[in-house]
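So this block is my_file21.txt, compact mmCIF, C-alpha atoms:
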```txt
# COMPACT_ATOMS: atom_id res chain seq x y z
CA PRO Q 17 55.75 156.05 46.50
CA HIS Q 18 58.34 154.55 48.91
CA VAL Q 19 55.99 151.71 49.84
CA LEU Q 20 55.21 150.99 46.18
CA LEU Q 21 58.92 151.03 45.35
CA VAL Q 22 59.66 148.61 48.25
CA GLN Q 23 57.03 146.23 46.94
CA LEU Q 24 58.49 146.39 43.44
CA TYR Q 25 62.05 145.71 44.67
CA TYR Q 26 60.85 142.85 46.88
CA THR Q 27 58.93 141.27 44.00
CA GLN Q 28 62.08 141.43 41.89
CA LYS Q 29 64.04 139.87 44.79
CA ASN Q 30 66.18 142.98 44.98
CA TYR Q 31 66.33 142.67 48.76
CA GLN Q 32 69.10 145.17 49.39
CA GLN Q 33 67.16 147.96 47.62
CA ALA Q 34 64.00 146.95 49.50
CA PHE Q 35 65.94 147.14 52.80
CA ASP Q 36 67.26 150.61 51.89
CA GLN Q 37 63.75 151.89 51.10
CA TRP Q 38 62.42 150.65 54.47
CA THR Q 39 65.21 152.39 56.33
CA ALA Q 40 64.44 155.57 54.38
CA LEU Q 41 60.78 155.23 55.34
CA ASP Q 42 61.75 154.83 59.01
CA LYS Q 43 63.43 158.24 58.89
CA ILE Q 44 60.32 159.79 57.35
CA ASN Q 45 57.73 158.11 59.52
CA GLN Q 46 58.56 155.51 62.14
CA GLY Q 47 54.90 154.61 62.47
CA LYS Q 48 54.59 151.92 65.18
CA GLY Q 49 57.90 150.41 64.30
CA GLN Q 50 56.58 148.92 61.07
CA PRO Q 51 59.44 150.21 58.82
CA ALA Q 52 62.02 149.07 61.40
CA PHE Q 53 60.41 145.62 61.65
CA ALA Q 54 60.26 145.27 57.85
CA ALA Q 55 63.90 146.31 57.47
CA GLY Q 56 64.98 143.90 60.22
CA SER Q 57 62.92 141.07 58.74
CA ILE Q 58 64.43 141.51 55.26
CA ALA Q 59 67.95 141.68 56.72
CA ALA Q 60 67.43 138.50 58.76
CA GLN Q 61 65.43 136.35 56.39
CA ASN Q 62 66.41 137.53 52.91
CA LEU Q 63 69.85 139.08 53.25
CA LYS Q 64 70.87 136.45 55.86
CA ASP Q 65 72.62 139.15 57.87
CA PRO Q 66 71.50 138.81 61.51
CA GLN Q 67 73.93 141.46 62.76
CA LYS Q 68 72.34 144.00 60.41
CA ALA Q 69 68.87 142.86 61.46
CA ILE Q 70 69.28 143.06 65.25
CA PRO Q 71 69.29 146.88 65.73
CA TRP Q 72 66.18 147.29 63.54
CA LEU Q 73 64.32 144.47 65.28
CA ARG Q 74 65.24 145.91 68.68
CA LYS Q 75 63.82 149.27 67.59
CA ALA Q 76 60.64 147.60 66.35
CA HIS Q 77 60.24 145.73 69.66
CA ARG Q 78 60.78 148.96 71.61
CA LEU Q 79 58.26 150.92 69.55
CA ALA Q 80 55.68 148.12 69.38
CA PRO Q 81 56.19 145.63 72.25
CA GLU Q 82 52.80 144.11 71.48
CA ASN Q 83 54.01 143.07 68.01
CA ASN Q 84 54.45 139.33 68.58
CA GLN Q 85 56.13 138.81 65.22
CA ALA Q 86 58.81 141.40 65.99
CA THR Q 87 59.36 139.90 69.46
CA LEU Q 88 59.60 136.36 68.11
CA LEU Q 89 61.92 137.27 65.25
CA LEU Q 90 64.19 139.28 67.55
CA GLY Q 91 64.42 136.34 69.93
CA GLN Q 92 65.22 133.93 67.12
CA VAL Q 93 67.90 136.18 65.62
CA LEU Q 94 69.50 136.80 69.01
CA ALA Q 95 69.59 133.07 69.66
CA ALA Q 96 71.14 132.46 66.25
CA THR Q 97 73.96 134.89 67.06
CA GLY Q 98 74.60 133.22 70.42
CA ASN Q 99 72.94 135.84 72.59
CA THR Q 100 70.76 133.30 74.38
CA ARG Q 101 70.47 135.35 77.59
CA GLU Q 102 68.55 138.11 75.83
CA ALA Q 103 66.69 135.69 73.56
CA ALA Q 104 65.23 133.42 76.27
CA PRO Q 105 62.75 135.86 77.90
CA LEU Q 106 61.56 137.09 74.50
CA LEU Q 107 60.81 133.58 73.28
CA ALA Q 108 59.27 132.61 76.63
CA GLN Q 109 56.93 135.59 76.29
CA ILE Q 110 55.68 134.34 72.93
CA ALA Q 111 55.58 130.68 74.01
CA ALA Q 112 53.24 131.62 76.85
CA LYS Q 113 50.85 133.15 74.30
CA VAL Q 114 50.97 130.18 71.92
CA PRO Q 115 51.50 127.11 74.13
CA ASN Q 116 50.56 124.70 71.33
CA ASP Q 117 53.50 125.73 69.12
CA ALA Q 118 55.80 122.73 69.51
CA THR Q 119 58.53 124.20 67.31
CA LEU Q 120 58.70 127.34 69.44
CA ALA Q 121 58.71 125.26 72.64
CA ARG Q 122 61.63 123.16 71.37
CA THR Q 123 63.55 126.30 70.40
CA LEU Q 124 62.94 127.82 73.82
CA ALA Q 125 63.94 124.57 75.55
CA ASP Q 126 67.16 124.44 73.56
CA ILE Q 127 68.02 128.02 74.57
CA GLN Q 128 67.16 127.35 78.21
CA TRP Q 129 69.37 124.27 78.16
CA ARG Q 130 72.27 126.24 76.72
CA ASN Q 131 71.74 128.86 79.41
CA GLY Q 132 72.02 126.18 82.07
CA ASP Q 133 68.34 126.24 83.02
CA LYS Q 134 67.92 122.51 82.36
CA ASP Q 135 64.91 122.01 84.61
CA ALA Q 136 62.96 124.69 82.72
CA ALA Q 137 63.93 123.14 79.39
CA ILE Q 138 62.74 119.68 80.46
CA SER Q 139 59.55 121.13 81.91
CA ASN Q 140 58.72 122.90 78.64
CA LEU Q 141 59.25 119.76 76.59
CA GLN Q 142 57.13 117.71 78.97
CA LYS Q 143 54.29 120.22 78.56
CA VAL Q 144 54.47 119.92 74.78
CA ILE Q 145 54.35 116.11 74.91
CA ALA Q 146 51.48 116.18 77.40
CA GLN Q 147 49.47 118.14 74.83
CA ASN Q 148 50.65 116.11 71.86
CA PRO Q 149 51.95 112.62 72.82
CA ASN Q 150 52.74 111.81 69.17
CA ASP Q 151 55.14 114.72 68.70
CA LYS Q 152 58.21 112.63 67.92
CA GLU Q 153 60.63 115.57 67.59
CA SER Q 154 59.73 116.83 71.05
CA LYS Q 155 60.04 113.30 72.47
CA VAL Q 156 63.50 112.97 70.98
CA ALA Q 157 64.51 116.35 72.42
CA LEU Q 158 63.14 115.38 75.85
CA ALA Q 159 64.90 111.99 75.74
CA GLN Q 160 68.20 113.71 74.99
CA ALA Q 161 67.66 116.19 77.82
CA LEU Q 162 66.74 113.46 80.30
CA SER Q 163 69.74 111.37 79.24
CA ALA Q 164 72.01 114.31 79.95
CA ARG Q 165 70.31 114.82 83.31
CA ALA Q 166 70.86 111.15 84.19
CA GLY Q 167 74.54 111.55 83.35
CA ASP Q 168 74.81 114.57 85.65
CA GLN Q 169 73.03 112.71 88.43
CA GLU Q 170 75.38 109.75 88.09
CA LYS Q 171 78.45 111.98 88.23
CA ALA Q 172 77.05 113.55 91.40
CA GLY Q 173 76.68 110.11 92.97
CA LYS Q 174 72.87 110.17 92.85
CA LEU Q 175 72.64 106.70 91.36
CA THR Q 176 69.03 105.97 92.32
CA ASP Q 177 67.91 109.27 90.77
CA ALA Q 178 69.90 108.49 87.65
CA SER Q 179 68.23 105.08 87.36
CA ASN Q 180 64.79 106.68 87.70
CA THR Q 181 65.63 109.26 85.03
CA TRP Q 182 66.73 106.51 82.64
CA GLN Q 183 63.40 104.83 83.29
CA GLN Q 184 61.66 108.02 82.13
CA VAL Q 185 63.68 107.87 78.92
CA GLY Q 186 62.60 104.25 78.48
CA ASN Q 187 58.97 105.25 78.89
CA LEU Q 188 59.34 107.67 75.98
CA PHE Q 189 60.84 105.02 73.68
CA PRO Q 190 60.02 101.52 74.99
CA GLU Q 191 61.58 99.87 71.94
CA ASN Q 192 64.99 101.42 72.68
CA GLN Q 193 67.27 99.13 74.71
CA LEU Q 194 69.76 101.80 75.82
CA PRO Q 195 67.77 102.96 78.89
CA LEU Q 196 67.59 99.34 80.14
CA VAL Q 197 71.31 98.86 79.63
CA GLN Q 198 72.09 102.09 81.46
CA ARG Q 199 69.80 101.18 84.34
CA ALA Q 200 71.43 97.74 84.59
CA ARG Q 201 74.89 99.33 84.68
CA ILE Q 202 73.80 101.65 87.50
CA MET Q 203 72.26 98.70 89.39
CA ARG Q 204 75.66 97.01 89.30
CA LYS Q 205 77.19 100.14 90.78
CA LEU Q 206 74.60 99.97 93.54
CA GLY Q 207 75.56 96.35 94.19
CA ARG Q 208 72.19 95.04 92.97
CA ASP Q 209 73.52 92.38 90.60
CA ASP Q 210 70.29 90.37 90.54
CA ASP Q 211 68.30 93.41 89.37
CA ALA Q 212 70.99 94.21 86.83
CA LYS Q 213 70.95 90.66 85.48
CA GLN Q 214 67.18 90.78 85.02
CA LEU Q 215 67.48 94.02 83.04
CA TYR Q 216 70.28 92.62 80.88
CA GLN Q 217 68.24 89.47 80.19
CA GLN Q 218 65.27 91.64 79.25
CA VAL Q 219 67.47 93.39 76.70
CA LEU Q 220 68.74 90.07 75.30
CA GLN Q 221 65.19 88.81 74.87
CA ASN Q 222 64.54 91.70 72.49
CA THR Q 223 68.01 91.98 70.96
CA PRO Q 224 69.99 88.75 71.53
CA LYS Q 225 73.18 90.26 70.14
CA ASP Q 226 73.27 93.45 72.18
CA PRO Q 227 76.99 93.72 73.09
CA ASN Q 228 76.45 95.77 76.24
CA ALA Q 229 73.98 93.26 77.64
CA LEU Q 230 76.25 90.33 76.75
CA LEU Q 231 79.17 91.99 78.49
CA GLY Q 232 76.99 92.83 81.48
CA VAL Q 233 75.71 89.27 81.91
CA ALA Q 234 79.23 87.91 81.46
CA GLY Q 235 80.63 90.35 84.01
CA ILE Q 236 78.05 89.30 86.60
CA ALA Q 237 78.75 85.62 85.87
CA MET Q 238 82.48 86.26 86.31
CA LYS Q 239 81.84 87.93 89.66
CA ASN Q 240 79.69 84.98 90.76
CA LYS Q 241 82.44 82.54 89.66
CA ASP Q 242 80.27 81.12 86.90
CA TYR Q 243 83.30 81.15 84.64
CA ASP Q 244 81.93 78.91 81.87
CA SER Q 245 78.96 81.23 81.29
CA ALA Q 246 81.27 84.24 81.42
CA TYR Q 247 83.61 82.66 78.86
CA ASP Q 248 80.74 81.95 76.42
CA ASN Q 249 79.16 85.41 76.70
CA PHE Q 250 82.44 87.28 76.40
CA TRP Q 251 83.12 85.39 73.18
CA ARG Q 252 79.63 86.24 71.88
CA ALA Q 253 80.24 89.91 72.70
CA ILE Q 254 83.51 89.85 70.76
CA GLN Q 255 81.72 88.48 67.70
CA VAL Q 256 79.25 91.37 67.87
CA GLU Q 257 81.78 94.12 68.70
CA PRO Q 258 85.09 93.00 67.15
CA LYS Q 259 86.93 96.23 68.01
CA PHE Q 260 86.03 96.42 71.71
CA GLN Q 261 89.27 95.75 73.61
CA PRO Q 262 87.73 95.23 77.11
CA ALA Q 263 85.75 92.26 75.78
CA TYR Q 264 88.99 90.57 74.71
CA ASP Q 265 90.66 91.22 78.04
CA ALA Q 266 87.69 89.72 79.89
CA PHE Q 267 87.63 86.74 77.51
CA VAL Q 268 91.29 85.99 78.21
CA ALA Q 269 90.66 86.20 81.96
CA ALA Q 270 87.66 83.85 81.69
CA ALA Q 271 89.69 81.40 79.62
CA ALA Q 272 92.31 81.27 82.38
CA LYS Q 273 89.64 80.63 85.02
CA THR Q 274 88.12 77.76 83.01
CA HIS Q 275 91.53 76.37 81.89
CA GLN Q 276 90.46 76.76 78.27
CA GLU Q 277 93.45 78.78 77.11
CA LYS Q 278 94.18 76.31 74.31
CA ASP Q 279 90.61 76.46 72.97
CA ALA Q 280 90.58 80.24 73.33
CA TYR Q 281 93.90 80.43 71.49
CA LEU Q 282 92.50 78.39 68.59
CA LEU Q 283 89.34 80.50 68.50
CA MET Q 284 91.41 83.66 68.34
CA GLN Q 285 93.59 82.24 65.58
CA GLY Q 286 90.51 81.53 63.48
CA TRP Q 287 89.08 84.95 64.34
CA LEU Q 288 92.25 86.65 63.08
CA LYS Q 289 91.98 84.83 59.78
CA LYS Q 290 88.67 86.64 59.27
CA HIS Q 291 89.96 89.91 60.74
CA PRO Q 292 93.72 89.96 60.09
CA ASN Q 293 94.22 93.62 61.03
CA LEU Q 294 92.21 93.53 64.25
CA ASP Q 295 94.57 94.88 66.89
CA PRO Q 296 92.54 93.82 69.99
CA ALA Q 297 92.43 90.23 68.70
CA GLN Q 298 96.17 90.22 68.09
CA LYS Q 299 96.78 91.39 71.64
CA ALA Q 300 94.48 88.69 73.00
CA LEU Q 301 96.26 86.01 70.96
CA LYS Q 302 99.59 87.19 72.32
CA ALA Q 303 98.25 87.06 75.87
CA LEU Q 304 96.96 83.51 75.36
CA THR Q 305 100.08 82.12 73.67
CA PRO Q 306 102.20 81.22 76.76
CA ALA Q 307 99.41 79.32 78.52
CA ALA Q 308 98.17 77.67 75.32
CA ASN Q 309 101.67 76.31 74.48
CA LYS Q 310 102.43 75.14 78.03
CA LEU Q 311 102.91 71.36 78.35
CA PRO Q 312 100.38 69.60 80.57
CA GLU Q 313 101.56 68.67 84.06
CA LEU Q 314 101.54 64.91 84.86
CA THR Q 315 100.46 63.97 88.34
CA PRO Q 316 101.89 60.64 89.71
CA LEU Q 317 99.39 58.00 90.74
CA ASN Q 318 101.07 57.60 94.14
CA GLN Q 319 100.89 61.05 95.68
CA ASN Q 320 103.28 60.01 98.50
CA ALA Q 321 106.23 59.00 96.35
CA ALA Q 322 107.46 60.69 93.19
CA PRO Q 323 108.55 58.34 90.40
CA ASP Q 324 112.29 57.80 89.89
CA ILE Q 325 112.76 58.61 86.22
CA ASN Q 326 116.29 58.42 84.79
CA THR Q 327 116.47 59.00 81.08
CA ASN Q 328 120.14 57.98 80.91
CA ARG Q 329 119.47 54.26 81.44
CA PRO Q 330 116.89 51.83 80.09
CA PRO Q 331 114.00 50.93 82.33
CA THR Q 332 114.39 47.73 84.39
CA LEU Q 333 111.72 45.33 85.51
CA LYS Q 334 111.98 44.21 89.13
CA LEU Q 335 110.04 41.19 90.27
CA PRO Q 336 108.49 41.09 93.74
CA SER Q 337 110.86 39.51 96.29
CA ASP Q 338 108.36 36.88 97.47
CA VAL Q 339 107.92 35.32 94.02
CA ALA Q 340 110.68 32.99 92.78
CA PRO Q 341 111.23 32.53 89.06
CA ALA Q 342 110.00 29.23 87.61
CA LYS Q 343 112.67 26.50 86.93
CA THR Q 344 112.74 25.10 83.43
CA SER Q 345 114.92 22.46 81.81
CA ALA Q 346 116.30 22.65 78.37
CA PRO Q 347 114.36 20.70 75.78
CA SER Q 348 115.95 17.39 74.48
CA ALA Q 349 117.22 17.34 70.97
CA THR Q 350 116.08 13.68 70.58
CA LYS Q 351 112.71 12.69 69.34
CA PRO Q 352 110.20 11.55 71.93
CA GLN Q 353 109.73 7.73 72.19
CA MET Q 354 106.15 6.66 72.08
CA THR Q 355 105.14 4.00 74.65
CA PRO Q 356 102.92 1.10 73.83
CA SER Q 357 99.24 1.68 73.64
CA GLY Q 358 97.60 2.06 77.03
CA ASN Q 359 100.65 3.59 78.76
CA SER Q 360 100.16 7.30 79.46
CA SER Q 361 103.78 8.11 80.35
CA VAL Q 362 105.97 9.87 77.85
CA LYS Q 363 109.76 10.21 77.95
CA SER Q 364 111.31 13.35 76.72
```

In structure tokens, write the structure found in this file.
Amino acid sequence: PHVLLVQLYYTQKNYQQAFDQWTALDKINQGKGQPAFAAGSIAAQNLKDPQKAIPWLRKAHRLAPENNQATLLLGQVLAATGNTREAAPLLAQIAAKVPNDATLARTLADIQWRNGDKDAAISNLQKVIAQNPNDKESKVALAQALSARAGDQEKAGKLTDASNTWQQVGNLFPENQLPLVQRARIMRKLGRDDDAKQLYQQVLQNTPKDPNALLGVAGIAMKNKDYDSAYDNFWRAIQVEPKFQPAYDAFVAAAAKTHQEKDAYLLMQGWLKKHPNLDPAQKALKALTPAANKLPELTPLNQNAAPDINTNRPPTLKLPSDVAPAKTSAPSATKPQMTPSGNSSVKS
């Protein structure tokens, strides 16, 4: 009668009454933990009360350790409540029995990662992908885990290892440019600017407006004193990432190196007309203003003698001392007298 009543309550979605009947059955006959497992399952999945479910699921696991469903559900509920230390071995036990369950493997990997066992988490995800290379969710999870590992390696100063780890991420998602950008950045830290430049150029071939690659190429050009190329690429990066302050600072520096402060000033003025509230652009314009408004310096033709310029008197023209002025006579007021025909002399 208790079992029939439980079924009736469950059919009517009266989950609390169904839970109460299972707990009553457990007192009458524990069986092999079946009433405890049923009560714990209803509490976890229907009543959404994991704290109420845990003691019943623990009892079911103790009475029937071979019950994979009870073991799995207990591990999942423990993980949901934050008890990952107790959950991990339970889920690992089930994952070993069903190695093809990608969802379970991802759950276990997540718990292992949270427990600090990052190598085990990565290993589990790699096994899943080896069995099913098209499992996108597992590939995403593995890429995230490897990215975090690369970050840890970089912080520890293991730059070559970090670069290799980013390459593994790139192998998972070849169309993603982030691993190439990260590898290029690490190459610059290693002092391998030529390798970094090749990686940045590879990114720009696929995505010509990638701001990180533009900034990277410009930074290398700046270091190599190719200031014109740096100036152009910093400006392109600004157009792609208008709010990125370091790009503006680098652009101002490149403008100074190429003596293009006036052009840069005009560019920034036009840019602010399109983006009037852009704070990084306003700061760049302010930084460019003094140099852009500076009068050009005139260099005298004769480097050995500076010109004597006195604005208080009009300029005078001095003739060379070895040239005498020509002598002229005043013209006669009388009319010229014409001589007879055949005489070429003329009086004036």

Near Thr305 of chain Q, within 10 Å and counting only C-alpha atoms, which residues show up once chain neighbours fewer than 5 positions away are dropped, as number ranges by chain?
Q: 277-278, 280-282, 300, 310

Would you list the residues near (55.5, 136.6, 74.6) (no more than 10 Å away, in the coordinates of the file, using all atoms listed in the file) as a VMD selection string?
chain Q and resid 81 to 85 87 to 88 105 to 114

Pairwise distance for atom CA of Ser154 of chain Q and atom CA of Ala118 of chain Q, rounded to one decimal in Å
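Straight-line distance from atom CA of Ser154 of chain Q to atom CA of Ala118 of chain Q works out to 7.3 Å.
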
Two-atom distance - atom CA of Gln23 of chain Q, atom CA of Gly56 of chain Q (Å):
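Calculated distance between atom CA of Gln23 of chain Q and atom CA of Gly56 of chain Q is 15.7 Å.
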
Find, counting all atoms listed in the file, the residue in Q:Leu21, Q:Ala266, Q:Ala229, Q:Ala164 that gets nearest to Tyr247 of chain Q.
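Smallest distance to Tyr247 of chain Q is found for Q:Ala266.
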
9 Å contact set for segment 146-148 of chain Q, all atoms listed in the file, chain neighbours under 3 positions out, as an NGL selection string
:Q and (116 or 118 or 141-143 or 151)

Next, dump the selected residues to file, keeping only C-alpha atoms, as a PDB file, in the frame of the given file.
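Result file follows (result07.pdb):
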```pdb
ATOM      1  CA  ASN Q 116      50.560 124.700  71.330  1.00  0.00           C
ATOM      2  CA  ALA Q 118      55.800 122.730  69.510  1.00  0.00           C
ATOM      3  CA  LEU Q 141      59.250 119.760  76.590  1.00  0.00           C
ATOM      4  CA  GLN Q 142      57.130 117.710  78.970  1.00  0.00           C
ATOM      5  CA  LYS Q 143      54.290 120.220  78.560  1.00  0.00           C
ATOM      6  CA  ASP Q 151      55.140 114.720  68.700  1.00  0.00           C
TER       7      ASP Q 151
END
```

Around all the atoms of segment 142-157 of chain Q listed in the file, draw an axis-aligned box and extend it by 6 Å on each of the six sides; I want its centre and edge lengths in Å to one decimal, as lines of an AutoDock Vina configuration file.
```
center_x = 57.0
center_y = 116.0
center_z = 73.3
size_x = 27.0
size_y = 20.4
size_z = 23.4
```

Just give me the gap between atom CA of Leu294 of chain Q and atom CA of Pro258 of chain Q in Å, one decimal is fine.
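Computing the Euclidean distance for atom CA of Leu294 of chain Q and atom CA of Pro258 of chain Q yields 7.7 Å.
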
Of the candidates Q:Phe53, Q:Tyr31, Q:Trp251, Q:Tyr25, which shows the shortest atom-to-atom distance to Leu79 of chain Q, using all atoms listed in the file?
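Checking each of Q:Phe53, Q:Tyr31, Q:Trp251, Q:Tyr25 against Leu79 of chain Q, counting all atoms listed in the file, the winner is Q:Phe53.
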
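Residue nearest Met203 of chain Q, chosen from Q:Thr223, Q:Gln218, Q:Asn180, Q:Gln285 and counting all atoms listed in the file: Q:Asn180.
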
List as a VMD selection string the residues having at least one atom at most 12 Å from position (61.6, 101.5, 84.1) as given in the file, counting all atoms listed in the file.
chain Q and resid 176 178 to 190 192 to 200 211 215 218

For Asn30 of chain Q, the closest of Q:Ala104, Q:Ile44, Q:Ile58, Q:Ala136 counting only C-alpha atoms is Q:Ile58

So which residues touch Ala297 of chain Q within 12 Å, counting all atoms listed in the file, skipping near sequence neighbours fewer than 5 positions away, as a PyMOL selection string?
chain Q and resi 251+254-255+257-265+267-268+280-292+302-304

Residues from the last selection, C-alpha atoms, saved as a PDB file, in the coordinates of the input:
```
ATOM      1  CA  TRP Q 251      83.120  85.390  73.180  1.00  0.00           C
ATOM      2  CA  ILE Q 254      83.510  89.850  70.760  1.00  0.00           C
ATOM      3  CA  GLN Q 255      81.720  88.480  67.700  1.00  0.00           C
ATOM      4  CA  GLU Q 257      81.780  94.120  68.700  1.00  0.00           C
ATOM      5  CA  PRO Q 258      85.090  93.000  67.150  1.00  0.00           C
ATOM      6  CA  LYS Q 259      86.930  96.230  68.010  1.00  0.00           C
ATOM      7  CA  PHE Q 260      86.030  96.420  71.710  1.00  0.00           C
ATOM      8  CA  GLN Q 261      89.270  95.750  73.610  1.00  0.00           C
ATOM      9  CA  PRO Q 262      87.730  95.230  77.110  1.00  0.00           C
ATOM     10  CA  ALA Q 263      85.750  92.260  75.780  1.00  0.00           C
ATOM     11  CA  TYR Q 264      88.990  90.570  74.710  1.00  0.00           C
ATOM     12  CA  ASP Q 265      90.660  91.220  78.040  1.00  0.00           C
ATOM     13  CA  PHE Q 267      87.630  86.740  77.510  1.00  0.00           C
ATOM     14  CA  VAL Q 268      91.290  85.990  78.210  1.00  0.00           C
ATOM     15  CA  ALA Q 280      90.580  80.240  73.330  1.00  0.00           C
ATOM     16  CA  TYR Q 281      93.900  80.430  71.490  1.00  0.00           C
ATOM     17  CA  LEU Q 282      92.500  78.390  68.590  1.00  0.00           C
ATOM     18  CA  LEU Q 283      89.340  80.500  68.500  1.00  0.00           C
ATOM     19  CA  MET Q 284      91.410  83.660  68.340  1.00  0.00           C
ATOM     20  CA  GLN Q 285      93.590  82.240  65.580  1.00  0.00           C
ATOM     21  CA  GLY Q 286      90.510  81.530  63.480  1.00  0.00           C
ATOM     22  CA  TRP Q 287      89.080  84.950  64.340  1.00  0.00           C
ATOM     23  CA  LEU Q 288      92.250  86.650  63.080  1.00  0.00           C
ATOM     24  CA  LYS Q 289      91.980  84.830  59.780  1.00  0.00           C
ATOM     25  CA  LYS Q 290      88.670  86.640  59.270  1.00  0.00           C
ATOM     26  CA  HIS Q 291      89.960  89.910  60.740  1.00  0.00           C
ATOM     27  CA  PRO Q 292      93.720  89.960  60.090  1.00  0.00           C
ATOM     28  CA  LYS Q 302      99.590  87.190  72.320  1.00  0.00           C
ATOM     29  CA  ALA Q 303      98.250  87.060  75.870  1.00  0.00           C
ATOM     30  CA  LEU Q 304      96.960  83.510  75.360  1.00  0.00           C
TER      31      LEU Q 304
END
```
